[in-house]
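J.: Coordinates in upload_17.cif, mmCIF, N, CA and C atoms, are listed below.
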```
data_coords
loop_
_atom_site.label_atom_id
_atom_site.label_comp_id
_atom_site.auth_asym_id
_atom_site.auth_seq_id
_atom_site.Cartn_x
_atom_site.Cartn_y
_atom_site.Cartn_z
N MET A 1 0.82 -1.18 0.00
CA MET A 1 0.00 0.00 0.00
C MET A 1 0.87 1.26 0.00
N ALA A 2 1.92 1.26 0.82
CA ALA A 2 2.81 2.42 0.92
C ALA A 2 3.55 2.65 -0.41
N LEU A 3 3.92 1.57 -1.09
CA LEU A 3 4.59 1.72 -2.39
C LEU A 3 3.68 2.40 -3.41
N LEU A 4 2.42 1.99 -3.44
CA LEU A 4 1.47 2.61 -4.38
C LEU A 4 1.28 4.09 -4.05
N PHE A 5 1.12 4.38 -2.78
CA PHE A 5 0.95 5.76 -2.33
C PHE A 5 2.14 6.61 -2.79
N LEU A 6 3.36 6.13 -2.52
CA LEU A 6 4.54 6.92 -2.87
C LEU A 6 4.75 7.00 -4.38
N ALA A 7 4.44 5.94 -5.10
CA ALA A 7 4.58 5.98 -6.56
C ALA A 7 3.67 7.05 -7.16
N TRP A 8 2.43 7.09 -6.69
CA TRP A 8 1.47 8.08 -7.19
C TRP A 8 1.94 9.51 -6.92
N PHE A 9 2.32 9.77 -5.68
CA PHE A 9 2.71 11.12 -5.31
C PHE A 9 4.10 11.50 -5.82
N SER A 10 4.97 10.52 -6.04
CA SER A 10 6.28 10.81 -6.63
C SER A 10 6.11 11.33 -8.05
N ALA A 11 5.23 10.69 -8.80
CA ALA A 11 4.98 11.14 -10.17
C ALA A 11 4.42 12.56 -10.17
N GLU A 12 3.52 12.83 -9.25
CA GLU A 12 2.95 14.18 -9.14
C GLU A 12 4.01 15.20 -8.73
N ASP A 13 4.90 14.81 -7.82
CA ASP A 13 5.96 15.71 -7.35
C ASP A 13 6.93 16.03 -8.48
N ILE A 14 7.28 15.05 -9.29
CA ILE A 14 8.18 15.28 -10.42
C ILE A 14 7.50 16.14 -11.48
N ARG A 15 6.26 15.81 -11.79
CA ARG A 15 5.53 16.50 -12.87
C ARG A 15 5.19 17.94 -12.51
N ASP A 16 4.60 18.15 -11.33
CA ASP A 16 4.07 19.47 -10.99
C ASP A 16 4.92 20.26 -10.01
N ARG A 17 5.89 19.61 -9.37
CA ARG A 17 6.71 20.23 -8.32
C ARG A 17 5.87 20.70 -7.14
N ARG A 18 4.71 20.12 -7.00
CA ARG A 18 3.85 20.40 -5.85
C ARG A 18 2.89 19.23 -5.68
N LEU A 19 2.34 19.11 -4.49
CA LEU A 19 1.44 18.00 -4.17
C LEU A 19 0.05 18.55 -3.86
N SER A 20 -0.97 17.81 -4.26
CA SER A 20 -2.34 18.23 -4.02
C SER A 20 -2.71 18.00 -2.55
N LEU A 21 -3.09 19.09 -1.88
CA LEU A 21 -3.50 18.98 -0.48
C LEU A 21 -4.72 18.09 -0.34
N THR A 22 -5.65 18.20 -1.27
CA THR A 22 -6.86 17.38 -1.23
C THR A 22 -6.51 15.90 -1.31
N GLU A 23 -5.63 15.54 -2.23
CA GLU A 23 -5.23 14.14 -2.37
C GLU A 23 -4.45 13.66 -1.15
N LEU A 24 -3.60 14.53 -0.60
CA LEU A 24 -2.85 14.15 0.60
C LEU A 24 -3.78 13.92 1.79
N LEU A 25 -4.75 14.80 1.97
CA LEU A 25 -5.70 14.62 3.08
C LEU A 25 -6.55 13.38 2.87
N GLY A 26 -6.94 13.10 1.63
CA GLY A 26 -7.67 11.86 1.34
C GLY A 26 -6.83 10.63 1.65
N SER A 27 -5.54 10.71 1.33
CA SER A 27 -4.63 9.60 1.64
C SER A 27 -4.44 9.44 3.14
N LEU A 28 -4.42 10.56 3.86
CA LEU A 28 -4.32 10.48 5.32
C LEU A 28 -5.54 9.77 5.90
N LEU A 29 -6.71 10.07 5.36
CA LEU A 29 -7.93 9.38 5.81
C LEU A 29 -7.85 7.89 5.49
N LEU A 30 -7.32 7.55 4.31
CA LEU A 30 -7.14 6.14 3.97
C LEU A 30 -6.14 5.46 4.91
N GLY A 31 -5.09 6.19 5.27
CA GLY A 31 -4.12 5.65 6.23
C GLY A 31 -4.74 5.40 7.59
N MET A 32 -5.59 6.31 8.02
CA MET A 32 -6.29 6.12 9.30
C MET A 32 -7.27 4.96 9.21
N LEU A 33 -7.94 4.82 8.07
CA LEU A 33 -8.84 3.68 7.87
C LEU A 33 -8.06 2.38 7.90
N TYR A 34 -6.89 2.37 7.26
CA TYR A 34 -6.02 1.21 7.28
C TYR A 34 -5.64 0.84 8.72
N LEU A 35 -5.26 1.85 9.50
CA LEU A 35 -4.90 1.60 10.90
C LEU A 35 -6.09 1.06 11.69
N THR A 36 -7.26 1.60 11.42
CA THR A 36 -8.47 1.15 12.12
C THR A 36 -8.76 -0.31 11.80
N LEU A 37 -8.68 -0.66 10.52
CA LEU A 37 -9.00 -2.02 10.10
C LEU A 37 -7.96 -3.05 10.55
N THR A 38 -6.71 -2.62 10.68
CA THR A 38 -5.66 -3.55 11.09
C THR A 38 -5.40 -3.52 12.59
N GLY A 39 -6.15 -2.70 13.32
CA GLY A 39 -5.98 -2.63 14.77
C GLY A 39 -4.83 -1.76 15.21
N GLY A 40 -4.27 -0.98 14.30
CA GLY A 40 -3.12 -0.13 14.62
C GLY A 40 -3.45 1.04 15.52
N LEU A 41 -4.70 1.41 15.60
CA LEU A 41 -5.08 2.51 16.50
C LEU A 41 -5.28 2.05 17.93
N ASP A 42 -5.44 0.74 18.11
CA ASP A 42 -5.69 0.20 19.44
C ASP A 42 -4.45 0.15 20.31
N ASP A 43 -3.27 0.17 19.69
CA ASP A 43 -2.05 0.01 20.49
C ASP A 43 -1.56 1.31 21.12
N GLY A 44 -2.22 2.43 20.82
CA GLY A 44 -1.85 3.71 21.43
C GLY A 44 -0.57 4.31 20.90
N LYS A 45 -0.08 3.82 19.77
CA LYS A 45 1.19 4.30 19.24
C LYS A 45 1.02 5.28 18.08
N LEU A 46 -0.18 5.80 17.88
CA LEU A 46 -0.41 6.74 16.78
C LEU A 46 0.52 7.95 16.85
N PRO A 47 0.72 8.56 18.03
CA PRO A 47 1.65 9.70 18.07
C PRO A 47 3.07 9.33 17.63
N TYR A 48 3.52 8.12 17.98
CA TYR A 48 4.85 7.68 17.57
C TYR A 48 4.92 7.47 16.07
N ARG A 49 3.87 6.93 15.49
CA ARG A 49 3.82 6.72 14.04
C ARG A 49 3.94 8.04 13.29
N MET A 50 3.47 9.10 13.90
CA MET A 50 3.45 10.40 13.22
C MET A 50 4.70 11.24 13.46
N LEU A 51 5.59 10.82 14.34
CA LEU A 51 6.77 11.62 14.68
C LEU A 51 7.63 12.00 13.47
N PRO A 52 8.00 11.07 12.58
CA PRO A 52 8.83 11.49 11.44
C PRO A 52 8.15 12.56 10.58
N GLY A 53 6.85 12.41 10.34
CA GLY A 53 6.13 13.40 9.56
C GLY A 53 6.03 14.74 10.26
N LEU A 54 5.79 14.70 11.56
CA LEU A 54 5.72 15.95 12.33
C LEU A 54 7.08 16.65 12.33
N PHE A 55 8.16 15.86 12.38
CA PHE A 55 9.50 16.43 12.31
C PHE A 55 9.71 17.15 10.98
N LEU A 56 9.28 16.53 9.88
CA LEU A 56 9.45 17.17 8.57
C LEU A 56 8.57 18.41 8.43
N LEU A 57 7.37 18.37 9.00
CA LEU A 57 6.52 19.56 8.98
C LEU A 57 7.18 20.71 9.75
N LEU A 58 7.78 20.39 10.89
CA LEU A 58 8.52 21.40 11.66
C LEU A 58 9.71 21.91 10.86
N LEU A 59 10.41 21.02 10.19
CA LEU A 59 11.56 21.40 9.36
C LEU A 59 11.11 22.30 8.21
N ALA A 60 9.96 22.02 7.63
CA ALA A 60 9.42 22.87 6.55
C ALA A 60 9.16 24.27 7.08
N TYR A 61 8.62 24.35 8.28
CA TYR A 61 8.35 25.66 8.89
C TYR A 61 9.64 26.42 9.18
N LEU A 62 10.60 25.71 9.79
CA LEU A 62 11.85 26.35 10.21
C LEU A 62 12.73 26.77 9.04
N THR A 63 12.62 26.09 7.90
CA THR A 63 13.46 26.40 6.74
C THR A 63 12.73 27.22 5.69
N SER A 64 11.61 27.80 6.06
CA SER A 64 10.80 28.58 5.12
C SER A 64 10.49 27.78 3.86
N GLU A 65 10.14 26.54 4.05
CA GLU A 65 9.71 25.60 3.02
C GLU A 65 10.82 25.17 2.07
N GLN A 66 12.06 25.09 2.55
CA GLN A 66 13.10 24.44 1.76
C GLN A 66 12.75 22.96 1.64
N VAL A 67 12.20 22.43 2.69
CA VAL A 67 11.53 21.13 2.65
C VAL A 67 10.05 21.49 2.64
N GLY A 68 9.30 20.94 1.70
CA GLY A 68 7.91 21.35 1.55
C GLY A 68 6.98 20.74 2.59
N TYR A 69 5.88 21.43 2.82
CA TYR A 69 4.86 20.90 3.72
C TYR A 69 4.25 19.62 3.16
N GLY A 70 4.16 19.53 1.85
CA GLY A 70 3.64 18.31 1.22
C GLY A 70 4.50 17.10 1.53
N ASP A 71 5.82 17.30 1.57
CA ASP A 71 6.73 16.21 1.93
C ASP A 71 6.46 15.75 3.35
N GLY A 72 6.25 16.71 4.25
CA GLY A 72 5.96 16.37 5.64
C GLY A 72 4.65 15.61 5.78
N LEU A 73 3.63 16.06 5.05
CA LEU A 73 2.34 15.35 5.08
C LEU A 73 2.47 13.95 4.50
N ALA A 74 3.25 13.82 3.44
CA ALA A 74 3.45 12.49 2.84
C ALA A 74 4.13 11.54 3.83
N VAL A 75 5.11 12.04 4.56
CA VAL A 75 5.80 11.21 5.56
C VAL A 75 4.86 10.90 6.73
N LEU A 76 4.01 11.83 7.07
CA LEU A 76 3.00 11.60 8.11
C LEU A 76 2.11 10.42 7.71
N ILE A 77 1.68 10.42 6.46
CA ILE A 77 0.84 9.33 5.94
C ILE A 77 1.63 8.04 5.89
N LEU A 78 2.88 8.12 5.46
CA LEU A 78 3.73 6.93 5.39
C LEU A 78 3.88 6.29 6.76
N GLY A 79 3.92 7.10 7.81
CA GLY A 79 4.00 6.58 9.17
C GLY A 79 2.79 5.74 9.54
N CYS A 80 1.62 6.08 8.99
CA CYS A 80 0.42 5.28 9.24
C CYS A 80 0.60 3.86 8.72
N PHE A 81 1.23 3.74 7.56
CA PHE A 81 1.39 2.43 6.93
C PHE A 81 2.58 1.65 7.47
N LEU A 82 3.65 2.34 7.85
CA LEU A 82 4.90 1.65 8.19
C LEU A 82 5.23 1.62 9.68
N GLY A 83 4.74 2.57 10.44
CA GLY A 83 5.17 2.71 11.83
C GLY A 83 6.37 3.64 11.89
N ALA A 84 6.68 4.12 13.08
CA ALA A 84 7.70 5.15 13.25
C ALA A 84 9.10 4.66 12.90
N GLY A 85 9.46 3.48 13.34
CA GLY A 85 10.83 2.99 13.12
C GLY A 85 11.16 2.82 11.65
N LYS A 86 10.30 2.11 10.94
CA LYS A 86 10.55 1.88 9.52
C LYS A 86 10.43 3.19 8.74
N CYS A 87 9.51 4.05 9.14
CA CYS A 87 9.34 5.35 8.47
C CYS A 87 10.60 6.21 8.66
N ALA A 88 11.17 6.18 9.85
CA ALA A 88 12.39 6.94 10.12
C ALA A 88 13.56 6.38 9.29
N ALA A 89 13.62 5.05 9.16
CA ALA A 89 14.67 4.43 8.33
C ALA A 89 14.52 4.84 6.88
N VAL A 90 13.28 4.89 6.39
CA VAL A 90 13.03 5.31 5.02
C VAL A 90 13.43 6.77 4.84
N CYS A 91 13.07 7.62 5.79
CA CYS A 91 13.42 9.04 5.70
C CYS A 91 14.93 9.25 5.72
N GLY A 92 15.61 8.57 6.60
CA GLY A 92 17.06 8.69 6.67
C GLY A 92 17.73 8.26 5.38
N THR A 93 17.26 7.15 4.82
CA THR A 93 17.80 6.68 3.54
C THR A 93 17.49 7.66 2.43
N ALA A 94 16.28 8.22 2.43
CA ALA A 94 15.89 9.20 1.41
C ALA A 94 16.75 10.46 1.51
N PHE A 95 17.04 10.90 2.73
CA PHE A 95 17.90 12.07 2.89
C PHE A 95 19.31 11.80 2.35
N MET A 96 19.82 10.59 2.58
CA MET A 96 21.14 10.24 2.04
C MET A 96 21.12 10.22 0.52
N LEU A 97 20.11 9.58 -0.07
CA LEU A 97 20.00 9.51 -1.53
C LEU A 97 19.86 10.89 -2.15
N SER A 98 19.00 11.72 -1.57
CA SER A 98 18.81 13.06 -2.13
C SER A 98 20.05 13.91 -1.93
N GLY A 99 20.77 13.69 -0.84
CA GLY A 99 22.03 14.42 -0.62
C GLY A 99 23.07 14.08 -1.67
N LEU A 100 23.18 12.79 -2.00
CA LEU A 100 24.12 12.38 -3.05
C LEU A 100 23.74 12.98 -4.40
N PHE A 101 22.46 12.92 -4.71
CA PHE A 101 21.96 13.46 -5.97
C PHE A 101 22.19 14.97 -6.05
N THR A 102 21.88 15.66 -4.98
CA THR A 102 22.03 17.11 -4.96
C THR A 102 23.50 17.51 -5.03
N THR A 103 24.37 16.75 -4.41
CA THR A 103 25.80 17.03 -4.50
C THR A 103 26.26 16.91 -5.94
N GLY A 104 25.77 15.90 -6.64
CA GLY A 104 26.10 15.76 -8.06
C GLY A 104 25.60 16.93 -8.88
N LYS A 105 24.41 17.40 -8.57
CA LYS A 105 23.86 18.55 -9.30
C LYS A 105 24.67 19.82 -9.03
N ILE A 106 25.13 19.96 -7.79
CA ILE A 106 25.95 21.14 -7.45
C ILE A 106 27.27 21.08 -8.21
N CYS A 107 27.86 19.89 -8.31
CA CYS A 107 29.11 19.75 -9.05
C CYS A 107 28.92 20.08 -10.53
N LEU A 108 27.75 19.80 -11.05
CA LEU A 108 27.44 20.12 -12.45
C LEU A 108 26.91 21.54 -12.61
N LYS A 109 26.88 22.27 -11.50
CA LYS A 109 26.42 23.67 -11.47
C LYS A 109 24.98 23.82 -11.97
N LYS A 110 24.14 22.88 -11.58
CA LYS A 110 22.71 22.97 -11.89
C LYS A 110 21.97 23.16 -10.58
N GLU A 111 21.52 24.37 -10.37
CA GLU A 111 20.84 24.67 -9.12
C GLU A 111 19.35 24.86 -9.37
N GLU A 112 18.59 23.85 -9.06
CA GLU A 112 17.13 23.90 -9.16
C GLU A 112 16.57 23.00 -8.07
N PRO A 113 15.34 23.25 -7.66
CA PRO A 113 14.75 22.42 -6.61
C PRO A 113 14.65 20.95 -7.03
N VAL A 114 14.82 20.09 -6.06
CA VAL A 114 14.76 18.65 -6.30
C VAL A 114 13.56 18.09 -5.56
N PRO A 115 12.66 17.38 -6.25
CA PRO A 115 11.52 16.77 -5.55
C PRO A 115 12.01 15.67 -4.61
N PHE A 116 11.42 15.62 -3.42
CA PHE A 116 11.88 14.69 -2.39
C PHE A 116 11.18 13.33 -2.44
N LEU A 117 9.92 13.29 -2.87
CA LEU A 117 9.18 12.03 -2.80
C LEU A 117 9.75 10.91 -3.66
N PRO A 118 10.34 11.19 -4.82
CA PRO A 118 10.98 10.07 -5.54
C PRO A 118 12.09 9.41 -4.72
N PHE A 119 12.78 10.20 -3.91
CA PHE A 119 13.82 9.63 -3.06
C PHE A 119 13.19 8.80 -1.93
N LEU A 120 12.04 9.23 -1.44
CA LEU A 120 11.32 8.43 -0.44
C LEU A 120 10.90 7.09 -1.04
N LEU A 121 10.43 7.11 -2.28
CA LEU A 121 10.03 5.87 -2.95
C LEU A 121 11.22 4.93 -3.10
N GLY A 122 12.33 5.46 -3.58
CA GLY A 122 13.54 4.64 -3.72
C GLY A 122 14.03 4.12 -2.38
N ALA A 123 13.97 4.97 -1.36
CA ALA A 123 14.41 4.56 -0.03
C ALA A 123 13.50 3.47 0.53
N LEU A 124 12.20 3.58 0.30
CA LEU A 124 11.29 2.53 0.77
C LEU A 124 11.62 1.21 0.11
N GLU A 125 11.92 1.24 -1.16
CA GLU A 125 12.29 0.01 -1.86
C GLU A 125 13.57 -0.58 -1.29
N VAL A 126 14.55 0.28 -0.98
CA VAL A 126 15.80 -0.19 -0.39
C VAL A 126 15.53 -0.82 0.98
N VAL A 127 14.76 -0.12 1.81
CA VAL A 127 14.49 -0.63 3.16
C VAL A 127 13.71 -1.95 3.10
N LEU A 128 12.74 -2.04 2.21
CA LEU A 128 11.99 -3.29 2.09
C LEU A 128 12.86 -4.42 1.56
N PHE A 129 13.80 -4.11 0.66
CA PHE A 129 14.70 -5.13 0.12
C PHE A 129 15.66 -5.62 1.20
N VAL A 130 16.20 -4.70 1.99
CA VAL A 130 17.15 -5.07 3.04
C VAL A 130 16.45 -5.85 4.15
N GLU A 131 15.21 -5.48 4.40
CA GLU A 131 14.44 -6.16 5.45
C GLU A 131 14.18 -7.58 5.04
#
```
As structure tokens, what does this structure read like?
T.:
Amino acid sequence: MALLFLAWFSAEDIRDRRLSLTELLGSLLLGMLYLTLTGGLDDGKLPYRMLPGLFLLLLAYLTSEQVGYGDGLAVLILGCFLGAGKCAAVCGTAFMLSGLFTTGKICLKKEEPVPFLPFLLGALEVVLFVE
């Protein structure tokens, strides 16, 4: 489910350089429904599941949206599907991948914004493969 979610929004992030708030909020509702149906809301760990996303939302605020709010919402939703630990591993891997890519772009003297969700998708695939 998380792979489909990230694939959809990665394509949107690459194409439009922005994410639809309506689609993100709909996905958040689907994530909550998923948690409800799988019993994930019963364990009382919902705040922990949301920590990586809340961290990115705070980072978006503190950096004047160098990291977008849409990225933070996407990670918030990803936490619903994966849990905090796996979501944090995916985020850390995505930050490393995007850092390598951005370093290459700087060396080539191409300075333009880089969409983050494709790196989240790649990082999720790496984490699932290693797991």
J.: List the neighbours of segment 50-59 of chain A out to 7 Å using all atoms listed in the file; skip same-chain residues closer than 5 positions along the sequence, and give me the result as a VMD selection string.
T.: chain A and resid 45 64 to 69 71 to 77 79 to 80 83 to 84 87 to 88
J.: In the coordinate frame of the file, compute which residues have an atom within 8 Å of (-4.0, 7.8, 6.9) when using only N, CA and C atoms, and state them as a list of chain:residue names.
T.: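 Those residues, ordered by chain and then number, are A:Leu24, A:Leu25, A:Gly26, A:Ser27, A:Leu28, A:Leu29, A:Leu30, A:Gly31, A:Met32, A:Leu33, A:Tyr34, A:Leu35, A:Leu76, A:Ile77, A:Leu78, A:Gly79, A:Cys80, A:Phe81.
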J.: Restricting the calculation to all atoms listed in the file: of A:Ile14, A:Leu37, A:Val127, A:Cys107, which residue gets closest to Ala89 of chain A?
T.: A:Val127
J.: Pick out the residues sitting within 8 Å of Gly122 of chain A, and hand them over as a list of chain:residue names; count all atoms listed in the file, and ignore anything fewer than 4 positions along from it in its own chain.
T.: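 Here the qualifying residues turn out to be A:Leu6, A:Val90, A:Thr93, A:Ala94, A:Leu117, A:Pro118, A:Val126, A:Val127, A:Leu128.
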J.: Can you tell me how far atom CA of Gly85 of chain A sits from atom N of Glu12 of chain A, in Å to one decimal?
T.: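 According to the coordinates, atom CA of Gly85 of chain A and atom N of Glu12 of chain A are separated by 25.5 Å.
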J.: Kindly give the distance, in Å, that separates atom N of Val114 of chain A and atom CA of Val130 of chain A, rounded to a single decimal.
T.: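 About the pair atom N of Val114 of chain A and atom CA of Val130 of chain A: they are 26.9 Å apart.
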J.: Can you measure atom CA of Arg15 of chain A to atom C of Thr102 of chain A for me? One decimal in Å is fine.
T.: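 Between atom CA of Arg15 of chain A and atom C of Thr102 of chain A the gap works out to 19.6 Å.
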J.: Which is closest to Asp13 of chain A among A:Leu100, A:Cys91, A:Leu120, A:Thr36, if we use only C-alpha atoms?
T.: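 Using only C-alpha atoms, the shortest distance to Asp13 of chain A belongs to A:Leu120.
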J.: Just list the residues in segment 34-128 of chain A DSSP gives helix (DSSP H, G or I) on the backbone, as a PyMOL selection string.
T.: chain A and resi 34-38+46-62+69-82+84-107+117-128
J.: Which centre and which edge lengths, in Å to one decimal, describe the axis-aligned box that holds all listed atoms of segment 49-58 of chain A after 8 Å is added on each side, as JSON?
T.:
```
{"center_x": 6.6, "center_y": 14.3, "center_z": 12.0, "size_x": 22.3, "size_y": 31.2, "size_z": 23.1}
```
J.: With only C-alpha atoms as the atoms that count, which of A:Ser10, A:Leu3, A:Phe129, A:Leu21 lies nearest to Gly70 of chain A?
T.: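 Between A:Ser10, A:Leu3, A:Phe129, A:Leu21, the residue approaching Gly70 of chain A most closely is A:Leu21.
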